[in-house]
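K.L.:
I am sharing target-v1.pdb, which consists of PDB, C-alpha atoms, pLDDT in the B column:
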```
ATOM      1  CA  MET A   1     -26.762  64.471-241.694  1.00 60.00           C
ATOM      2  CA  MET A   2     -28.001  64.435-245.270  1.00 60.00           C
ATOM      3  CA  ILE A   3     -31.727  64.496-246.031  1.00 62.00           C
ATOM      4  CA  ASP A   4     -33.213  65.032-249.518  1.00 60.00           C
ATOM      5  CA  GLY A   5     -29.928  66.347-250.912  1.00 63.00           C
ATOM      6  CA  LYS A   6     -29.551  68.888-248.092  1.00 75.00           C
ATOM      7  CA  ILE A   7     -26.866  68.664-245.451  1.00 84.00           C
ATOM      8  CA  LEU A   8     -28.270  69.500-242.017  1.00 85.00           C
ATOM      9  CA  LEU A   9     -26.506  70.922-238.980  1.00 88.00           C
ATOM     10  CA  MET A  10     -28.805  69.849-236.168  1.00 89.00           C
ATOM     11  CA  VAL A  11     -28.712  70.493-232.455  1.00 90.00           C
ATOM     12  CA  SER A  12     -27.672  67.661-230.167  1.00 88.00           C
ATOM     13  CA  PRO A  13     -30.572  67.147-227.700  1.00 91.00           C
ATOM     14  CA  LEU A  14     -28.304  66.339-224.764  1.00 93.00           C
ATOM     15  CA  ARG A  15     -26.084  69.375-225.347  1.00 93.00           C
ATOM     16  CA  ARG A  16     -29.174  71.564-225.794  1.00 93.00           C
ATOM     17  CA  TRP A  17     -30.761  70.552-222.513  1.00 95.00           C
ATOM     18  CA  PHE A  18     -27.438  70.821-220.672  1.00 95.00           C
ATOM     19  CA  ALA A  19     -26.966  74.396-221.949  1.00 94.00           C
ATOM     20  CA  LEU A  20     -30.566  75.349-221.188  1.00 96.00           C
ATOM     21  CA  THR A  21     -30.271  73.919-217.674  1.00 96.00           C
ATOM     22  CA  ALA A  22     -27.047  75.857-217.061  1.00 96.00           C
ATOM     23  CA  LEU A  23     -28.665  79.138-218.188  1.00 95.00           C
ATOM     24  CA  ALA A  24     -31.766  78.515-216.067  1.00 96.00           C
ATOM     25  CA  LEU A  25     -29.628  77.727-213.013  1.00 96.00           C
ATOM     26  CA  LEU A  26     -27.514  80.855-213.553  1.00 95.00           C
ATOM     27  CA  SER A  27     -30.626  83.015-213.804  1.00 95.00           C
ATOM     28  CA  GLY A  28     -32.216  81.407-210.744  1.00 93.00           C
ATOM     29  CA  LEU A  29     -29.050  81.631-208.668  1.00 93.00           C
ATOM     30  CA  CYS A  30     -28.593  85.319-209.482  1.00 91.00           C
ATOM     31  CA  LEU A  31     -32.198  86.075-208.553  1.00 90.00           C
ATOM     32  CA  TYR A  32     -31.844  84.106-205.326  1.00 89.00           C
ATOM     33  CA  LEU A  33     -28.737  86.077-204.376  1.00 87.00           C
ATOM     34  CA  VAL A  34     -30.369  89.396-205.265  1.00 87.00           C
ATOM     35  CA  PHE A  35     -33.430  88.760-203.095  1.00 85.00           C
ATOM     36  CA  ASN A  36     -31.791  86.893-200.201  1.00 84.00           C
ATOM     37  CA  SER A  37     -28.523  88.718-199.590  1.00 78.00           C
ATOM     38  CA  PRO A  38     -27.827  92.071-197.942  1.00 78.00           C
ATOM     39  CA  PHE A  39     -25.727  93.370-200.839  1.00 73.00           C
ATOM     40  CA  ALA A  40     -25.376  97.019-201.705  1.00 80.00           C
ATOM     41  CA  PHE A  41     -27.689  98.541-204.283  1.00 80.00           C
ATOM     42  CA  GLY A  42     -25.076  98.385-207.080  1.00 79.00           C
ATOM     43  CA  ILE A  43     -24.478  94.660-206.597  1.00 81.00           C
ATOM     44  CA  THR A  44     -28.238  94.066-206.580  1.00 85.00           C
ATOM     45  CA  VAL A  45     -28.627  95.890-209.905  1.00 88.00           C
ATOM     46  CA  ILE A  46     -25.718  93.982-211.463  1.00 88.00           C
ATOM     47  CA  GLY A  47     -27.106  90.665-210.207  1.00 88.00           C
ATOM     48  CA  SER A  48     -30.524  91.525-211.628  1.00 91.00           C
ATOM     49  CA  LEU A  49     -28.997  92.408-215.009  1.00 94.00           C
ATOM     50  CA  ILE A  50     -27.048  89.140-215.115  1.00 93.00           C
ATOM     51  CA  ALA A  51     -30.204  87.194-214.220  1.00 94.00           C
ATOM     52  CA  ALA A  52     -32.195  89.002-216.912  1.00 95.00           C
ATOM     53  CA  GLY A  53     -29.445  88.380-219.490  1.00 94.00           C
ATOM     54  CA  ALA A  54     -29.257  84.674-218.622  1.00 95.00           C
ATOM     55  CA  PHE A  55     -33.037  84.385-218.849  1.00 95.00           C
ATOM     56  CA  TRP A  56     -33.021  86.183-222.237  1.00 94.00           C
ATOM     57  CA  ALA A  57     -30.311  83.785-223.491  1.00 94.00           C
ATOM     58  CA  PHE A  58     -32.355  80.835-222.176  1.00 95.00           C
ATOM     59  CA  ALA A  59     -35.497  81.981-224.013  1.00 95.00           C
ATOM     60  CA  LYS A  60     -33.615  82.757-227.235  1.00 93.00           C
ATOM     61  CA  MET A  61     -31.740  79.412-227.121  1.00 94.00           C
ATOM     62  CA  TYR A  62     -34.886  77.438-226.340  1.00 94.00           C
ATOM     63  CA  GLN A  63     -36.680  78.921-229.336  1.00 91.00           C
ATOM     64  CA  GLY A  64     -33.739  79.004-231.753  1.00 90.00           C
ATOM     65  CA  THR A  65     -32.317  75.550-231.158  1.00 90.00           C
ATOM     66  CA  GLN A  66     -35.545  73.931-232.300  1.00 91.00           C
ATOM     67  CA  LEU A  67     -34.313  74.749-235.812  1.00 91.00           C
ATOM     68  CA  ALA A  68     -31.517  73.287-237.920  1.00 91.00           C
ATOM     69  CA  VAL A  69     -29.159  74.869-240.443  1.00 91.00           C
ATOM     70  CA  GLU A  70     -29.483  73.527-243.990  1.00 91.00           C
ATOM     71  CA  LEU A  71     -26.801  73.597-246.675  1.00 92.00           C
ATOM     72  CA  ARG A  72     -28.558  73.701-250.039  1.00 89.00           C
ATOM     73  CA  ASP A  73     -27.242  74.405-253.524  1.00 87.00           C
ATOM     74  CA  GLU A  74     -28.403  78.022-253.083  1.00 89.00           C
ATOM     75  CA  GLY A  75     -26.598  78.563-249.745  1.00 89.00           C
ATOM     76  CA  LEU A  76     -27.173  78.296-246.001  1.00 92.00           C
ATOM     77  CA  PHE A  77     -30.724  78.423-244.661  1.00 93.00           C
ATOM     78  CA  LEU A  78     -32.580  77.783-241.417  1.00 91.00           C
ATOM     79  CA  SER A  79     -35.074  74.922-241.435  1.00 90.00           C
ATOM     80  CA  ASP A  80     -37.932  77.457-241.219  1.00 90.00           C
ATOM     81  CA  GLY A  81     -36.837  78.950-244.563  1.00 88.00           C
ATOM     82  CA  ARG A  82     -34.939  82.051-243.434  1.00 90.00           C
ATOM     83  CA  THR A  83     -31.732  82.784-245.324  1.00 91.00           C
ATOM     84  CA  LEU A  84     -28.403  82.905-243.488  1.00 91.00           C
ATOM     85  CA  ALA A  85     -26.132  83.339-246.521  1.00 91.00           C
ATOM     86  CA  LEU A  86     -26.538  82.769-250.227  1.00 91.00           C
ATOM     87  CA  MET A  87     -23.802  80.837-252.022  1.00 90.00           C
ATOM     88  CA  ASP A  88     -22.635  83.852-254.017  1.00 90.00           C
ATOM     89  CA  GLN A  89     -22.179  85.801-250.746  1.00 91.00           C
ATOM     90  CA  ILE A  90     -19.898  83.144-249.225  1.00 91.00           C
ATOM     91  CA  GLU A  91     -16.190  83.807-249.664  1.00 91.00           C
ATOM     92  CA  LYS A  92     -14.590  80.987-247.647  1.00 90.00           C
ATOM     93  CA  VAL A  93     -14.899  78.637-244.672  1.00 90.00           C
ATOM     94  CA  ASP A  94     -12.629  79.134-241.660  1.00 86.00           C
ATOM     95  CA  ARG A  95     -12.124  75.973-239.578  1.00 82.00           C
ATOM     96  CA  GLY A  96      -8.745  76.829-238.089  1.00 75.00           C
ATOM     97  CA  THR A  97      -7.761  75.954-234.551  1.00 73.00           C
ATOM     98  CA  PHE A  98      -7.245  79.565-233.524  1.00 72.00           C
ATOM     99  CA  SER A  99     -10.089  81.108-235.523  1.00 77.00           C
ATOM    100  CA  ILE A 100     -13.013  82.757-233.789  1.00 77.00           C
ATOM    101  CA  LYS A 101     -15.740  80.146-234.134  1.00 81.00           C
ATOM    102  CA  PRO A 102     -18.442  78.497-232.045  1.00 83.00           C
ATOM    103  CA  THR A 103     -17.777  75.274-230.187  1.00 81.00           C
ATOM    104  CA  ASN A 104     -18.146  72.229-232.470  1.00 81.00           C
ATOM    105  CA  GLY A 105     -18.567  74.574-235.401  1.00 86.00           C
ATOM    106  CA  PHE A 106     -16.937  76.753-238.008  1.00 91.00           C
ATOM    107  CA  THR A 107     -16.977  80.294-239.357  1.00 92.00           C
ATOM    108  CA  VAL A 108     -18.087  81.364-242.811  1.00 92.00           C
ATOM    109  CA  ILE A 109     -16.483  84.522-244.213  1.00 92.00           C
ATOM    110  CA  LEU A 110     -18.959  86.525-246.293  1.00 93.00           C
ATOM    111  CA  ARG A 111     -18.247  88.966-249.118  1.00 92.00           C
ATOM    112  CA  ASP A 112     -20.456  91.770-247.743  1.00 92.00           C
ATOM    113  CA  ARG A 113     -21.389  92.956-244.266  1.00 93.00           C
ATOM    114  CA  GLN A 114     -24.627  91.503-242.924  1.00 90.00           C
ATOM    115  CA  PRO A 115     -26.893  92.641-240.073  1.00 91.00           C
ATOM    116  CA  PHE A 116     -26.139  91.292-236.607  1.00 93.00           C
ATOM    117  CA  GLU A 117     -28.102  88.225-235.588  1.00 91.00           C
ATOM    118  CA  PHE A 118     -27.566  85.834-232.689  1.00 90.00           C
ATOM    119  CA  VAL A 119     -29.202  82.560-231.685  1.00 90.00           C
ATOM    120  CA  PRO A 120     -27.252  81.120-228.735  1.00 90.00           C
ATOM    121  CA  GLY A 121     -26.143  77.562-229.404  1.00 89.00           C
ATOM    122  CA  LEU A 122     -26.879  77.573-233.139  1.00 91.00           C
ATOM    123  CA  TYR A 123     -25.337  80.541-234.979  1.00 92.00           C
ATOM    124  CA  TRP A 124     -24.239  84.161-234.861  1.00 91.00           C
ATOM    125  CA  ARG A 125     -23.712  86.641-237.650  1.00 92.00           C
ATOM    126  CA  SER A 126     -21.711  89.821-237.230  1.00 92.00           C
ATOM    127  CA  GLY A 127     -20.314  91.911-240.048  1.00 91.00           C
ATOM    128  CA  ARG A 128     -18.717  89.617-242.616  1.00 93.00           C
ATOM    129  CA  LYS A 129     -18.621  86.553-240.349  1.00 93.00           C
ATOM    130  CA  LEU A 130     -21.212  83.852-239.786  1.00 93.00           C
ATOM    131  CA  GLY A 131     -20.436  81.379-237.002  1.00 93.00           C
ATOM    132  CA  LEU A 132     -22.284  78.066-237.071  1.00 93.00           C
ATOM    133  CA  GLY A 133     -22.243  75.622-234.175  1.00 89.00           C
ATOM    134  CA  GLY A 134     -22.503  75.660-230.416  1.00 88.00           C
ATOM    135  CA  VAL A 135     -24.723  72.909-229.071  1.00 92.00           C
ATOM    136  CA  THR A 136     -24.567  71.064-232.380  1.00 90.00           C
ATOM    137  CA  ALA A 137     -23.031  67.641-232.860  1.00 87.00           C
ATOM    138  CA  PRO A 138     -19.317  67.908-233.758  1.00 87.00           C
ATOM    139  CA  HIS A 139     -19.459  65.411-236.645  1.00 88.00           C
ATOM    140  CA  MET A 140     -22.325  67.315-238.290  1.00 89.00           C
ATOM    141  CA  GLY A 141     -20.397  70.595-238.112  1.00 87.00           C
ATOM    142  CA  LYS A 142     -17.343  68.976-239.653  1.00 89.00           C
ATOM    143  CA  MET A 143     -19.385  67.358-242.413  1.00 90.00           C
ATOM    144  CA  MET A 144     -21.168  70.623-243.259  1.00 90.00           C
ATOM    145  CA  SER A 145     -17.976  72.687-243.238  1.00 89.00           C
ATOM    146  CA  GLU A 146     -16.203  70.223-245.546  1.00 91.00           C
ATOM    147  CA  ALA A 147     -19.170  70.053-247.926  1.00 90.00           C
ATOM    148  CA  LEU A 148     -19.414  73.852-247.999  1.00 91.00           C
ATOM    149  CA  ALA A 149     -15.667  74.181-248.642  1.00 89.00           C
ATOM    150  CA  MET A 150     -15.959  71.704-251.536  1.00 89.00           C
ATOM    151  CA  ARG A 151     -18.882  73.627-253.048  1.00 89.00           C
ATOM    152  CA  ILE A 152     -16.937  76.878-252.787  1.00 89.00           C
ATOM    153  CA  ALA A 153     -13.926  75.251-254.473  1.00 88.00           C
ATOM    154  CA  GLU A 154     -16.127  73.916-257.286  1.00 86.00           C
ATOM    155  CA  ARG A 155     -17.755  77.316-257.733  1.00 83.00           C
ATOM    156  CA  ASP A 156     -14.396  79.080-257.867  1.00 81.00           C
ATOM    157  CA  GLY A 157     -12.823  76.469-260.172  1.00 80.00           C
ATOM    158  CA  LEU A 158     -10.321  75.091-257.646  1.00 68.00           C
ATOM    159  CA  ASN A 159     -11.327  71.425-257.925  1.00 59.00           C
ATOM    160  CA  GLY A 160      -7.922  69.813-257.429  1.00 52.00           C
ATOM    161  CA  LYS A 161      -6.380  72.568-255.334  1.00 53.00           C
ATOM    162  CA  LEU A 162      -7.895  72.048-251.848  1.00 51.00           C
TER     163      LEU A 162
END
```
In C-alpha cells, how does this file's structure come out?

P.N.:
Amino acid sequence: MMIDGKILLMVSPLRRWFALTALALLSGLCLYLVFNSPFAFGITVIGSLIAAGAFWAFAKMYQGTQLAVELRDEGLFLSDGRTLALMDQIEKVDRGTFSIKPTNGFTVILRDRQPFEFVPGLYWRSGRKLGLGGVTAPHMGKMMSEALAMRIAERDGLNGKL
C-alpha cells in the first residue's frame, strides 16, 4: 500500500488475530497440562518453559504487529520512526523460493552485521539478514520487495539489467 510516497508493509488483521489466538491457546494448553497432569518434574519444567515462551511471543507479537514497515527514500523504517535499515546499508533483496524468509515476505541482505532484533509476525534481523513478513498481506510484501529491488537497481546503476 502506498501512502504519501511511502510504501507500507502492514499486518493483515485476520492473520494477526489468528496467530495471536494460536499462541494464546498454546500457552494455555501447556499451563493446563502442567497443572492438571501427573507428569514427572522434568516434563513439568519443560511444559512451563514452553508456556512462558508462547506467552512471551504472544505479548511481543501483540505489541509489535500494531506497527507497519515503511519503505522511504532513505531506507526501511517502522511506523513509529525506528530504523530497520538505511538504503546505503542494503545490498540486495532475496525473494527466492528456497531462501530463508518469513511467510508472505522477503529477506533483505545488508552490507554490515546488525544487532539481533525479533518481532514475531512482522520482522527479524540477525547478522546481515533482515526478514520482513509473517502475518502481513502477501501482495504488500511482493509490492514492497519489488519496489525495494528497483530502488537498489537504480542506486547501483542497473536500470535495464533486472

K.L.:
Choose the residue, out of A:Asp88, A:Ser12, A:Tyr62, A:Met143, that has the smallest atom-to-atom separation from A:Glu74; count all atoms listed in the file.

P.N.:
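Using all atoms listed in the file, the shortest distance to A:Glu74 belongs to A:Asp88.
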
K.L.:
How far is it from atom CA of A:Pro120 to atom CA of A:Leu67, in Å with one decimal?

P.N.:
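These atoms are spaced 11.9 Å apart.
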
K.L.:
Pick out the residues sitting within 6 Å of A:Tyr123, and hand them over as a ChimeraX atom specification; count only C-alpha atoms, and ignore anything fewer than 4 positions along from it in its own chain.

P.N.:
/A:119,131-133

K.L.:
Quick one: residues within 10 Å of stretch 7-10 of chain A, only C-alpha atoms, excluding same-chain residues fewer than 5 positions away - as a PDB file with C-alpha atoms, keeping the file's coordinate frame?

P.N.:
```
ATOM      1  CA  MET A   1     -26.762  64.471-241.694  1.00 60.00           C
ATOM      2  CA  MET A   2     -28.001  64.435-245.270  1.00 60.00           C
ATOM      3  CA  THR A  65     -32.317  75.550-231.158  1.00 90.00           C
ATOM      4  CA  GLN A  66     -35.545  73.931-232.300  1.00 91.00           C
ATOM      5  CA  LEU A  67     -34.313  74.749-235.812  1.00 91.00           C
ATOM      6  CA  ALA A  68     -31.517  73.287-237.920  1.00 91.00           C
ATOM      7  CA  VAL A  69     -29.159  74.869-240.443  1.00 91.00           C
ATOM      8  CA  GLU A  70     -29.483  73.527-243.990  1.00 91.00           C
ATOM      9  CA  LEU A  71     -26.801  73.597-246.675  1.00 92.00           C
ATOM     10  CA  ARG A  72     -28.558  73.701-250.039  1.00 89.00           C
ATOM     11  CA  ASP A  73     -27.242  74.405-253.524  1.00 87.00           C
ATOM     12  CA  LEU A  76     -27.173  78.296-246.001  1.00 92.00           C
ATOM     13  CA  PHE A  77     -30.724  78.423-244.661  1.00 93.00           C
ATOM     14  CA  LEU A  78     -32.580  77.783-241.417  1.00 91.00           C
ATOM     15  CA  SER A  79     -35.074  74.922-241.435  1.00 90.00           C
ATOM     16  CA  GLY A 105     -18.567  74.574-235.401  1.00 86.00           C
ATOM     17  CA  LEU A 122     -26.879  77.573-233.139  1.00 91.00           C
ATOM     18  CA  LEU A 132     -22.284  78.066-237.071  1.00 93.00           C
ATOM     19  CA  GLY A 133     -22.243  75.622-234.175  1.00 89.00           C
ATOM     20  CA  VAL A 135     -24.723  72.909-229.071  1.00 92.00           C
ATOM     21  CA  THR A 136     -24.567  71.064-232.380  1.00 90.00           C
ATOM     22  CA  ALA A 137     -23.031  67.641-232.860  1.00 87.00           C
ATOM     23  CA  PRO A 138     -19.317  67.908-233.758  1.00 87.00           C
ATOM     24  CA  HIS A 139     -19.459  65.411-236.645  1.00 88.00           C
ATOM     25  CA  MET A 140     -22.325  67.315-238.290  1.00 89.00           C
ATOM     26  CA  GLY A 141     -20.397  70.595-238.112  1.00 87.00           C
ATOM     27  CA  LYS A 142     -17.343  68.976-239.653  1.00 89.00           C
ATOM     28  CA  MET A 143     -19.385  67.358-242.413  1.00 90.00           C
ATOM     29  CA  MET A 144     -21.168  70.623-243.259  1.00 90.00           C
ATOM     30  CA  SER A 145     -17.976  72.687-243.238  1.00 89.00           C
ATOM     31  CA  ALA A 147     -19.170  70.053-247.926  1.00 90.00           C
ATOM     32  CA  LEU A 148     -19.414  73.852-247.999  1.00 91.00           C
TER      33      LEU A 148
END
```

K.L.:
Could you tell me, as a list in words, exactly which residues end up selected when the PyMOL selection byres ((chain A and resi 112-115) around 7) is applied to this structure?

P.N.:
Gln89, Leu110, Arg111, Phe116, Glu117, Ser126, Gly127 and Arg128 of chain A

K.L.:
Go ahead and compute the interatomic distance for atom CA of A:Lys129 and atom CA of A:Ile109, in Å to one decimal.

P.N.:
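Rounded to one decimal, the two atoms are 4.9 Å apart.
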
K.L.:
As lines of an AutoDock Vina configuration file, please: the centre and edge lengths in Å, to one decimal, of an axis-aligned box enclosing every listed atom of stretch 86-93 of chain A with 3 Å added on each side.

P.N.:
```
center_x = -20.6
center_y = 82.2
center_z = -249.3
size_x = 17.9
size_y = 13.2
size_z = 15.3
```

K.L.:
Taking the point (-20.5, 77.1, -230.2) as given in the file, collect each protein or nucleic acid residue that comes within 6 Å of it, counting all atoms listed in the file, and present the set as a short mmCIF file (atom, residue, chain, number, x, y, z; two decimals) with C-alpha atoms, in the frame of the given file.

P.N.:
```cif
data_model
loop_
_atom_site.label_atom_id
_atom_site.label_comp_id
_atom_site.auth_asym_id
_atom_site.auth_seq_id
_atom_site.Cartn_x
_atom_site.Cartn_y
_atom_site.Cartn_z
CA PRO A 102 -18.44 78.50 -232.04
CA THR A 103 -17.78 75.27 -230.19
CA ASN A 104 -18.15 72.23 -232.47
CA GLY A 121 -26.14 77.56 -229.40
CA GLY A 133 -22.24 75.62 -234.18
CA GLY A 134 -22.50 75.66 -230.42
#
```
